[in-house]
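Quick look at structure-v2.pdb (PDB, C-alpha atoms):
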ATOM      1  CA  MET A 891     -97.354 -10.311   3.008  1.00  0.00           C
ATOM      2  CA  SER A 892     -93.651  -9.604   3.160  1.00  0.00           C
ATOM      3  CA  ASN A 893     -91.417  -9.980   0.136  1.00  0.00           C
ATOM      4  CA  GLU A 894     -88.254 -10.254   2.185  1.00  0.00           C
ATOM      5  CA  ILE A 895     -86.702 -13.355   3.658  1.00  0.00           C
ATOM      6  CA  ASN A 896     -84.905 -12.475   6.860  1.00  0.00           C
ATOM      7  CA  SER A 897     -83.619 -14.903   9.433  1.00  0.00           C
ATOM      8  CA  GLY A 898     -81.793 -13.416  12.383  1.00  0.00           C
ATOM      9  CA  SER A 899     -79.127 -10.926  11.418  1.00  0.00           C
ATOM     10  CA  GLU A 900     -79.032 -11.806   7.697  1.00  0.00           C
ATOM     11  CA  LYS A 901     -79.659  -8.918   5.336  1.00  0.00           C
ATOM     12  CA  ALA A 902     -82.976  -9.074   3.521  1.00  0.00           C
ATOM     13  CA  HIS A 903     -82.819  -9.737  -0.215  1.00  0.00           C
ATOM     14  CA  PRO A 904     -85.352  -8.237  -2.607  1.00  0.00           C
ATOM     15  CA  LEU A 905     -87.520 -10.638  -4.549  1.00  0.00           C
ATOM     16  CA  VAL A 906     -87.447 -10.700  -8.326  1.00  0.00           C
ATOM     17  CA  TYR A 907     -90.802  -9.823  -9.871  1.00  0.00           C
ATOM     18  CA  GLN A 908     -92.152 -10.281 -13.377  1.00  0.00           C
ATOM     19  CA  ILE A 909     -94.837  -7.888 -14.578  1.00  0.00           C
ATOM     20  CA  ARG A 910     -96.537  -8.509 -17.904  1.00  0.00           C
ATOM     21  CA  ILE A 911     -97.786  -5.510 -19.916  1.00  0.00           C
ATOM     22  CA  LYS A 912    -100.017  -5.711 -22.971  1.00  0.00           C
ATOM     23  CA  GLY A 913     -98.159  -4.224 -25.952  1.00  0.00           C
ATOM     24  CA  HIS A 914     -94.483  -3.593 -26.608  1.00  0.00           C
ATOM     25  CA  LEU A 915     -92.486  -0.925 -24.768  1.00  0.00           C
ATOM     26  CA  GLY A 916     -89.324   0.587 -26.178  1.00  0.00           C
ATOM     27  CA  ARG A 917     -85.959   0.001 -24.475  1.00  0.00           C
ATOM     28  CA  GLU A 918     -85.852   3.710 -23.553  1.00  0.00           C
ATOM     29  CA  TRP A 919     -88.341   2.889 -20.775  1.00  0.00           C
ATOM     30  CA  THR A 920     -85.697   0.916 -18.823  1.00  0.00           C
ATOM     31  CA  ASP A 921     -84.667   3.964 -16.752  1.00  0.00           C
ATOM     32  CA  TRP A 922     -88.309   4.869 -16.105  1.00  0.00           C
ATOM     33  CA  PHE A 923     -88.856   1.418 -14.620  1.00  0.00           C
ATOM     34  CA  GLY A 924     -85.854   1.561 -12.305  1.00  0.00           C
ATOM     35  CA  GLY A 925     -83.529  -0.567 -14.381  1.00  0.00           C
ATOM     36  CA  LEU A 926     -85.871  -3.546 -14.713  1.00  0.00           C
ATOM     37  CA  THR A 927     -85.153  -5.760 -17.702  1.00  0.00           C
ATOM     38  CA  ILE A 928     -87.595  -5.206 -20.554  1.00  0.00           C
ATOM     39  CA  THR A 929     -88.321  -8.278 -22.673  1.00  0.00           C
ATOM     40  CA  LEU A 930     -90.463  -7.973 -25.785  1.00  0.00           C
ATOM     41  CA  GLU A 931     -92.372 -11.211 -26.238  1.00  0.00           C
ATOM     42  CA  ASP A 932     -93.490 -12.743 -29.528  1.00  0.00           C
ATOM     43  CA  ASN A 933     -97.155 -12.486 -28.506  1.00  0.00           C
ATOM     44  CA  GLY A 934     -96.906  -8.667 -28.401  1.00  0.00           C
ATOM     45  CA  ASP A 935     -96.579  -8.359 -24.608  1.00  0.00           C
ATOM     46  CA  THR A 936     -93.746  -6.780 -22.647  1.00  0.00           C
ATOM     47  CA  LEU A 937     -92.277  -8.510 -19.608  1.00  0.00           C
ATOM     48  CA  LEU A 938     -90.634  -6.369 -16.927  1.00  0.00           C
ATOM     49  CA  THR A 939     -88.300  -8.413 -14.716  1.00  0.00           C
ATOM     50  CA  GLY A 940     -86.137  -7.407 -11.795  1.00  0.00           C
ATOM     51  CA  PRO A 941     -85.687  -7.035  -8.058  1.00  0.00           C
ATOM     52  CA  VAL A 942     -88.051  -4.899  -5.991  1.00  0.00           C
ATOM     53  CA  VAL A 943     -86.803  -3.963  -2.514  1.00  0.00           C
ATOM     54  CA  ASP A 944     -90.116  -3.789  -0.653  1.00  0.00           C
ATOM     55  CA  GLN A 945     -93.887  -3.450  -0.945  1.00  0.00           C
ATOM     56  CA  ALA A 946     -93.730   0.342  -1.171  1.00  0.00           C
ATOM     57  CA  ALA A 947     -91.406   0.058  -4.175  1.00  0.00           C
ATOM     58  CA  LEU A 948     -93.684  -2.556  -5.735  1.00  0.00           C
ATOM     59  CA  HIS A 949     -96.725  -0.297  -5.346  1.00  0.00           C
ATOM     60  CA  GLY A 950     -94.763   2.580  -6.898  1.00  0.00           C
ATOM     61  CA  LEU A 951     -93.763   0.369  -9.813  1.00  0.00           C
ATOM     62  CA  LEU A 952     -97.344  -0.793 -10.368  1.00  0.00           C
ATOM     63  CA  LYS A 953     -98.493   2.834 -10.276  1.00  0.00           C
ATOM     64  CA  LYS A 954     -95.991   3.667 -13.037  1.00  0.00           C
ATOM     65  CA  VAL A 955     -97.297   0.769 -15.125  1.00  0.00           C
ATOM     66  CA  ARG A 956    -100.861   1.958 -14.623  1.00  0.00           C
ATOM     67  CA  ASP A 957    -100.028   5.558 -15.512  1.00  0.00           C
TER
END
Translate the structure described by the file into structure tokens.
Amino acid sequence: MSNEINSGSEKAHPLVYQIRIKGHLGREWTDWFGGLTITLEDNGDTLLTGPVVDQAALHGLLKKVRD
């Protein structure tokens, strides 16, 4: 499954992903997660939101979350 929309010679645009994490992360983690927006939700979860350029970058991001 590709996360890029590309028709002809148009440049591909990264999709914006939202990843929900149980528990709150501090804002200092923004750089660790490649500049994704960190939103602390009222239910105690953290929502990471932002563009991811391709599947390899998404897998790397998910690995960081797991670790």
Step by step, work through what the PyMOL selection byres ((chain A and resi 917-933) around 10) selects in the shown file, and finish by giving those residues as a PyMOL selection string. chain A and resi 906-916+934-942+947+950-952+954-955
With 3 Å of padding per side, what axis-aligned box (centre and edge lengths, Å, one decimal) covers all the listed atoms of region 945-954 of chain A? Give it as JSON.
{"center_x": -94.9, "center_y": 0.1, "center_z": -7.0, "size_x": 13.1, "size_y": 13.1, "size_z": 18.1}
When the PyMOL selection byres ((chain A and resi 944) around 10) is applied to the file above, which residues end up in the set, as a PyMOL selection string? chain A and resi 892-894+902-905+941-943+945-949
